[in-house]
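Student: This is protein-v4.txt, which holds compact mmCIF, C-alpha atoms:
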```txt
# COMPACT_ATOMS: atom_id res chain seq x y z
CA MET R 1 16.21 -7.05 11.01
CA THR R 2 17.14 -3.42 11.35
CA GLU R 3 15.98 -1.18 14.19
CA TYR R 4 13.48 0.61 11.99
CA GLU R 5 12.12 -2.60 10.47
CA LEU R 6 11.44 -3.95 13.95
CA PHE R 7 9.74 -0.71 14.93
CA ALA R 8 7.60 -0.77 11.77
CA ILE R 9 6.40 -4.23 12.77
CA GLU R 10 5.62 -2.91 16.24
CA LEU R 11 3.58 -0.11 14.69
CA ALA R 12 1.72 -2.61 12.51
CA ARG R 13 0.84 -4.71 15.54
CA GLU R 14 -0.46 -1.60 17.30
CA ALA R 15 -2.55 -0.62 14.28
CA ALA R 16 -4.02 -4.11 14.19
CA ARG R 17 -4.74 -4.06 17.93
CA VAL R 18 -6.74 -0.86 17.56
CA SER R 19 -8.49 -1.42 14.24
CA LEU R 20 -9.41 -5.12 14.23
CA PRO R 21 -11.95 -4.99 17.10
CA TYR R 22 -14.01 -2.50 15.10
CA PHE R 23 -14.19 -4.72 12.01
CA ARG R 24 -17.78 -5.92 11.46
CA GLY R 25 -18.71 -4.13 14.66
CA ALA R 26 -20.12 -0.77 15.69
CA TYR R 27 -18.17 2.43 15.09
CA GLU R 28 -18.60 6.06 14.12
CA GLN R 29 -18.37 6.83 10.42
CA THR R 30 -18.34 10.06 8.42
CA ASP R 31 -18.09 11.01 4.75
CA LYS R 32 -15.20 13.35 4.00
CA GLY R 33 -15.71 13.27 0.23
CA GLY R 34 -18.41 15.91 -0.09
CA ALA R 35 -19.26 16.86 -3.66
CA ALA R 36 -16.31 14.84 -4.95
CA GLY R 37 -18.06 11.58 -4.02
CA PHE R 38 -18.34 9.18 -1.11
CA ASP R 39 -15.07 8.94 0.84
CA PRO R 40 -15.65 7.29 4.22
CA VAL R 41 -13.52 7.63 7.34
CA THR R 42 -14.23 5.61 10.45
CA GLN R 43 -13.47 5.68 14.13
CA ALA R 44 -11.05 2.82 13.45
CA ASP R 45 -9.08 4.93 10.93
CA ARG R 46 -8.71 7.82 13.35
CA GLU R 47 -7.90 5.80 16.45
CA ALA R 48 -5.39 3.57 14.68
CA GLU R 49 -3.45 6.53 13.31
CA ALA R 50 -3.53 8.30 16.67
CA ALA R 51 -2.11 5.19 18.36
CA ILE R 52 0.69 4.86 15.81
CA ARG R 53 1.59 8.53 16.16
CA ARG R 54 1.83 8.19 19.94
CA LEU R 55 4.34 5.37 19.64
CA ILE R 56 6.43 7.29 17.12
CA ALA R 57 6.48 10.39 19.33
CA GLU R 58 7.55 8.31 22.32
CA ARG R 59 10.35 6.48 20.50
CA TYR R 60 11.59 8.97 17.90
CA ALA R 61 10.56 12.49 18.85
CA ASP R 62 12.69 14.03 16.07
CA HIS R 63 11.03 11.99 13.30
CA GLY R 64 8.35 13.44 11.04
CA VAL R 65 4.93 11.96 10.35
CA ILE R 66 2.57 12.19 7.38
CA GLY R 67 -0.80 10.52 7.90
CA GLU R 68 -4.04 10.37 5.99
CA GLU R 69 -6.20 11.36 8.96
CA TYR R 70 -4.10 13.89 10.90
CA GLY R 71 -1.88 15.51 8.28
CA GLU R 72 1.80 16.44 8.43
CA ASP R 73 4.20 16.94 11.31
CA ARG R 74 7.81 17.80 10.37
CA PRO R 75 7.48 16.39 6.82
CA ASP R 76 10.99 17.64 5.94
CA ALA R 77 12.71 15.63 8.68
CA ASP R 78 15.46 13.14 7.75
CA HIS R 79 13.15 10.31 8.83
CA VAL R 80 9.42 10.55 8.13
CA TRP R 81 6.81 7.90 8.91
CA ILE R 82 3.99 7.77 6.33
CA LEU R 83 0.73 6.26 7.55
CA ASP R 84 -2.49 4.99 6.06
CA PRO R 85 -4.17 3.55 9.15
CA ILE R 86 -6.77 1.68 7.10
CA ASP R 87 -6.23 1.35 3.38
CA GLY R 88 -9.46 0.05 1.91
CA THR R 89 -11.94 1.76 4.22
CA ARG R 90 -14.72 0.93 1.76
CA ALA R 91 -13.86 -2.77 2.14
CA PHE R 92 -13.71 -2.29 5.91
CA ILE R 93 -17.23 -0.83 6.14
CA ALA R 94 -18.53 -3.53 3.78
CA GLY R 95 -17.19 -6.26 6.06
CA LEU R 96 -14.68 -7.50 3.47
CA PRO R 97 -11.33 -8.66 4.92
CA LEU R 98 -9.12 -7.03 2.27
CA TRP R 99 -8.29 -3.77 4.09
CA THR R 100 -4.79 -3.21 5.41
CA ASN R 101 -2.72 -1.03 7.73
CA LEU R 102 0.06 0.71 5.74
CA ILE R 103 3.20 2.03 7.42
CA ALA R 104 6.31 3.35 5.68
CA LEU R 105 9.53 5.05 6.70
CA ARG R 106 10.89 7.63 4.27
CA THR R 107 14.61 8.29 4.62
CA GLU R 108 16.35 11.04 2.66
CA GLY R 109 13.32 11.44 0.43
CA ARG R 110 12.55 7.83 -0.45
CA PRO R 111 10.63 4.98 1.22
CA THR R 112 13.14 2.55 2.75
CA VAL R 113 10.93 0.42 5.01
CA GLY R 114 7.37 -0.65 4.32
CA VAL R 115 4.75 -2.73 6.09
CA ILE R 116 1.45 -4.02 4.73
CA GLY R 117 -0.51 -5.44 7.65
CA GLN R 118 -3.67 -7.53 7.27
CA PRO R 119 -5.05 -8.06 10.78
CA CYS R 120 -7.88 -10.43 9.83
CA LEU R 121 -5.35 -12.94 8.50
CA ASP R 122 -2.66 -12.10 11.08
CA GLU R 123 -0.31 -11.16 8.23
CA VAL R 124 2.45 -8.57 8.16
CA PHE R 125 4.31 -8.12 4.86
CA LEU R 126 7.63 -6.38 5.54
CA GLY R 127 10.12 -4.90 3.09
CA GLY R 128 13.35 -3.10 3.89
CA PRO R 129 17.14 -3.31 3.98
CA SER R 130 17.09 -6.86 5.37
CA GLY R 131 14.81 -8.14 2.60
CA ALA R 132 11.14 -9.02 2.21
CA ARG R 133 9.25 -11.43 4.39
CA LEU R 134 5.80 -12.44 5.56
CA LEU R 135 5.26 -12.64 9.32
CA LYS R 136 2.34 -14.89 10.21
CA GLY R 137 1.58 -17.12 13.16
CA GLY R 138 5.00 -16.62 14.70
CA GLN R 139 6.72 -17.72 11.48
CA GLU R 140 8.73 -15.75 8.94
CA THR R 141 8.59 -16.64 5.24
CA PRO R 142 10.78 -14.95 2.61
CA LEU R 143 8.86 -13.12 -0.10
CA ALA R 144 9.81 -13.26 -3.76
CA VAL R 145 8.06 -12.12 -6.92
CA ARG R 146 7.54 -14.63 -9.68
CA GLU R 147 8.75 -14.64 -13.25
CA CYS R 148 6.24 -13.62 -15.89
CA ALA R 149 7.82 -12.73 -19.20
CA HIS R 150 4.72 -11.83 -21.20
CA LEU R 151 1.61 -9.79 -20.48
CA ASN R 152 -0.61 -12.48 -21.98
CA GLN R 153 0.52 -14.77 -19.13
CA ALA R 154 -0.03 -12.19 -16.39
CA LEU R 155 -2.53 -11.96 -13.56
CA ILE R 156 -3.16 -8.24 -13.05
CA ALA R 157 -5.20 -6.14 -10.63
CA THR R 158 -6.59 -2.72 -9.86
CA THR R 159 -8.98 -1.60 -7.15
CA ASP R 160 -11.72 -0.21 -9.39
CA PRO R 161 -11.53 0.72 -13.11
CA ASP R 162 -14.13 3.43 -12.43
CA LEU R 163 -11.39 5.35 -10.63
CA PHE R 164 -9.58 5.83 -13.93
CA THR R 165 -10.52 8.85 -16.00
CA GLY R 166 -10.23 9.58 -19.71
CA ALA R 167 -7.06 8.21 -21.24
CA GLU R 168 -6.26 6.30 -18.04
CA LEU R 169 -9.25 4.04 -18.55
CA GLY R 170 -8.23 3.43 -22.15
CA ALA R 171 -4.73 2.42 -21.03
CA TRP R 172 -6.07 0.04 -18.37
CA THR R 173 -8.55 -1.47 -20.83
CA GLN R 174 -5.76 -2.14 -23.31
CA VAL R 175 -3.57 -3.83 -20.69
CA ARG R 176 -6.47 -5.82 -19.29
CA ALA R 177 -7.38 -7.07 -22.77
CA ALA R 178 -3.85 -8.39 -23.20
CA ALA R 179 -3.55 -10.03 -19.76
CA ARG R 180 -4.60 -13.55 -18.87
CA LEU R 181 -6.71 -12.62 -15.83
CA ALA R 182 -7.69 -9.45 -13.93
CA ARG R 183 -8.87 -9.16 -10.32
CA LEU R 184 -10.56 -6.11 -8.81
CA GLY R 185 -11.28 -4.66 -5.40
CA CYS R 186 -8.19 -5.73 -3.45
CA ASP R 187 -6.76 -2.28 -2.56
CA ALA R 188 -3.23 -2.53 -1.12
CA TYR R 189 -3.52 -6.28 -0.56
CA ALA R 190 -2.99 -6.78 -4.30
CA TYR R 191 0.49 -5.27 -3.94
CA ALA R 192 1.26 -7.71 -1.13
CA MET R 193 0.36 -10.49 -3.53
CA VAL R 194 2.83 -9.12 -6.09
CA ALA R 195 5.56 -9.43 -3.45
CA ALA R 196 4.31 -12.92 -2.59
CA GLY R 197 4.51 -14.06 -6.21
CA ARG R 198 0.76 -14.46 -6.73
CA ILE R 199 -0.11 -11.38 -8.80
CA ASP R 200 2.11 -10.06 -11.58
CA LEU R 201 1.02 -6.44 -12.08
CA VAL R 202 -1.03 -3.77 -10.32
CA ALA R 203 -1.89 -0.41 -11.89
CA GLU R 204 -3.72 2.45 -10.17
CA SER R 205 -4.13 6.21 -10.31
CA ALA R 206 -5.04 9.08 -7.99
CA LEU R 207 -3.02 7.57 -5.14
CA LYS R 208 -1.73 9.76 -2.33
CA VAL R 209 1.72 9.39 -0.80
CA TRP R 210 0.29 7.33 2.09
CA ASP R 211 -1.37 4.95 -0.39
CA TRP R 212 1.85 3.82 -2.10
CA SER R 213 4.84 4.55 0.17
CA ALA R 214 4.58 1.32 2.17
CA LEU R 215 4.06 -0.78 -0.95
CA ALA R 216 7.25 0.12 -2.77
CA PRO R 217 9.80 -1.23 -0.23
CA VAL R 218 7.89 -4.51 0.13
CA ILE R 219 7.70 -5.18 -3.61
CA GLU R 220 11.22 -3.96 -4.37
CA ALA R 221 12.77 -6.01 -1.55
CA ALA R 222 10.97 -9.05 -3.01
CA GLY R 223 12.58 -8.41 -6.41
CA GLY R 224 9.85 -6.38 -8.11
CA HIS R 225 9.62 -2.82 -9.36
CA VAL R 226 7.34 0.15 -8.59
CA SER R 227 7.16 3.20 -10.84
CA ASN R 228 4.87 5.90 -12.13
CA TRP R 229 3.24 5.51 -15.54
CA ARG R 230 6.28 7.00 -17.26
CA GLY R 231 8.55 4.33 -15.82
CA ALA R 232 10.23 6.72 -13.34
CA LYS R 233 10.07 6.60 -9.55
CA PRO R 234 6.64 7.27 -7.99
CA ASP R 235 5.78 10.94 -7.63
CA GLY R 236 2.93 13.35 -7.13
CA SER R 237 1.10 12.14 -10.24
CA GLY R 238 -0.58 9.42 -8.18
CA GLN R 239 -0.21 6.95 -11.05
CA ILE R 240 1.42 3.73 -9.85
CA LEU R 241 2.57 0.66 -11.75
CA ALA R 242 3.87 -2.30 -9.73
CA VAL R 243 5.25 -5.41 -11.38
CA GLY R 244 6.98 -8.55 -10.26
CA ASP R 245 8.92 -9.17 -13.46
CA PRO R 246 10.48 -6.01 -15.00
CA ARG R 247 9.80 -7.37 -18.47
CA LEU R 248 6.10 -6.77 -17.81
CA ARG R 249 6.74 -3.14 -16.95
CA ASP R 250 8.12 -2.40 -20.38
CA GLN R 251 5.17 -4.09 -22.10
CA ALA R 252 2.55 -2.37 -19.92
CA LEU R 253 4.17 1.05 -20.28
CA VAL R 254 3.44 0.97 -24.00
CA ALA R 255 -0.16 1.67 -22.98
CA PHE R 256 0.26 3.51 -19.70
CA ARG R 257 2.74 6.10 -21.00
CA ARG R 258 0.02 7.46 -23.30
CA ALA R 259 -2.03 8.41 -20.23
CA ALA R 260 0.86 9.45 -17.98
CA LEU R 261 0.63 12.75 -16.13
```
Could you take the file, read its structure, and then write that structure out as structure tokens?
Tutor:
Amino acid sequence: MTEYELFAIELAREAARVSLPYFRGAYEQTDKGGAAGFDPVTQADREAEAAIRRLIAERYADHGVIGEEYGEDRPDADHVWILDPIDGTRAFIAGLPLWTNLIALRTEGRPTVGVIGQPCLDEVFLGGPSGARLLKGGQETPLAVRECAHLNQALIATTDPDLFTGAELGAWTQVRAAARLARLGCDAYAYAMVAAGRIDLVAESALKVWDWSALAPVIEAAGGHVSNWRGAKPDGSGQILAVGDPRLRDQALVAFRRAAL
């Protein structure tokens, strides 16, 4: 593994150490959504990100950081760590073990290392220059997407169709109608399952840079593809399409391009 891949794993272990003890326990919780709707943030979110930032500052003082809870610090640096300390906070507060710790390293403007950590299952999904692998129980298992040539054979996922608006919902409904099976409510863990060859396609919208940056290196190192809804690299639109088999991307984009921002 590369130096930065090893450090990303170290950060994931630290995030798990801080956040897991709060799961199904007592913690402070606030709503940062206001009039826009319920958007919870917990003590676990804040403390996990603070712990990760401390390690980065100690090891790589010249690196930048972008985090969901504490904003930007040197975002134009050559190396920028992008953090979502708990992706799936709604699952976390509901006691559902599908939340994750997301950590990415952006180098020269693109994510090059990504980690999806699931502390409840002791899982760390890593993607980077040395490939994609699952670290669990002291073992390392290579990750690889699976073949799925046709949408009518695909298992697809999104977190919540209610998050789609207008034409986006129409595009998702069209793709879901064509697919074999759809699963909901998995947040970033669904993307880990694309890399693991269990899910074939994930589509979402309104994602922030910390929501998707860690996912792309994991899926791409496992042989998959992550794009926006126009088929280009992810951008500020927040619309993300992740597939294991690139043949699915072309079929799904027939619908998603109509709602692309």
Student: So which one's closest to Arg176 (chain R), R:Ile156, R:His225, R:Val209, R:Asp122? Using all atoms listed in the file, please.
Tutor: R:Ile156
Student: Rounded to one decimal, what separation in Å do you get between CA of Val41 (chain R) and CA of Met193 (chain R)?
Tutor: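 Interatomic distance, CA of Val41 (chain R) to CA of Met193 (chain R): 25.3 Å.
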Student: So which one's closest to Ala260 (chain R), R:Phe38, R:Phe92, R:Trp229, R:Tyr22? Using only C-alpha atoms, please.
Tutor: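 Closest to Ala260 (chain R), using only C-alpha atoms: R:Trp229.
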Student: Which is closer to Thr42 (chain R) than all the others in R:Val254, R:His63, R:Asp87, R:Ala8, using only C-alpha atoms?
Tutor: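 Among the listed residues, R:Asp87 lies closest to Thr42 (chain R).
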Student: Can you work out the spacing between CA of Arg249 (chain R) and CA of Glu140 (chain R) in Å, to one decimal?
Tutor: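 Separation between CA of Arg249 (chain R) and CA of Glu140 (chain R): 28.9 Å.
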Student: Using only C-alpha atoms, which of R:Thr173, R:Ser237, R:Thr107, R:Ser213 sits nearest Ala188 (chain R)?
Tutor: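 Comparing R:Thr173, R:Ser237, R:Thr107, R:Ser213 against Ala188 (chain R), the winner is R:Ser213.
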Student: Please measure the separation of CA of Pro21 (chain R) and CA of Asn101 (chain R), giving the value in Å to one decimal.
Tutor: 13.7 Å
Student: I want to know what sits within 8 Å of region 43-50 of chain R, based on only C-alpha atoms, with residues of the same chain fewer than 2 positions away left out; could you give that as a PyMOL selection string?
Tutor: chain R and resi 14-16+18-19+22+27-29+41+52-54+67+69-70+83-86+89
Student: Env of Leu135 (chain R): 10 Å cut, atoms = only C-alpha atoms, seq-sep filter 6 positions within chain, self excluded. Answer as a VMD selection string.
Tutor: chain R and resid 9 117 122 to 126 141 to 142
Student: Measuring between only C-alpha atoms, which one of R:Val194, R:Val113, R:Ala214, R:Ala259 shows the shortest distance to Ala167 (chain R)?
Tutor: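 Nearest to Ala167 (chain R): R:Ala259.
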Student: List as a ChimeraX atom specification the protein and nucleic acid residues near Met1 (chain R), meaning an atom at most 7 Å away when all atoms listed in the file are counted, but skip any in the same chain fewer than 3 places from it.
Tutor: /R:5-6,130
Student: Hey, can you pull every residue with an atom no more than 9 Å from (14.4, -16.4, -0.4), using all atoms listed in the file, and send it as a list of chain:residue names?
Tutor: R:Gly131, R:Ala132, R:Arg133, R:Thr141, R:Pro142, R:Leu143, R:Ala144, R:Ala222
Student: Taking all listed atoms of region 194-197 of chain R, build the axis-aligned box, pad each of the six sides by 4 Å, then write its centre and edge lengths in Å to one decimal as lines of an AutoDock Vina configuration file.
Tutor:
```
center_x = 4.2
center_y = -11.6
center_z = -4.4
size_x = 10.7
size_y = 12.9
size_z = 11.6
```
Student: Compile the contact shell of Val243 (chain R) as a PyMOL selection string: residues with an atom at most 9 Å away, counting only C-alpha atoms, same-chain residues fewer than 5 positions apart removed.
Tutor: chain R and resi 145+191+194-195+199-203+219+224-227+248-249
Student: Counting all atoms listed in the file, write as a ChimeraX atom specification all protein and nucleic acid residues lying at most 8 Å from (-7.9, -9.1, 5.3) in the file's frame.
Tutor: /R:96-100,118-121,189
Student: Within 12 Å of Pro75 (chain R), counting only C-alpha atoms, which residues qualify if same-chain residues fewer than 6 places away don't, as JSON, numbers by chain?
Tutor: {"R": [62, 63, 64, 65, 66, 67, 81, 82, 105, 106, 107, 108, 109, 209]}
Student: Pick the closest to Leu102 (chain R) from R:Val115, R:Leu55, R:Ala157, R:Ala206: which is it, counting all atoms listed in the file?
Tutor: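 Of all the options, R:Val115 lies closest to Leu102 (chain R).
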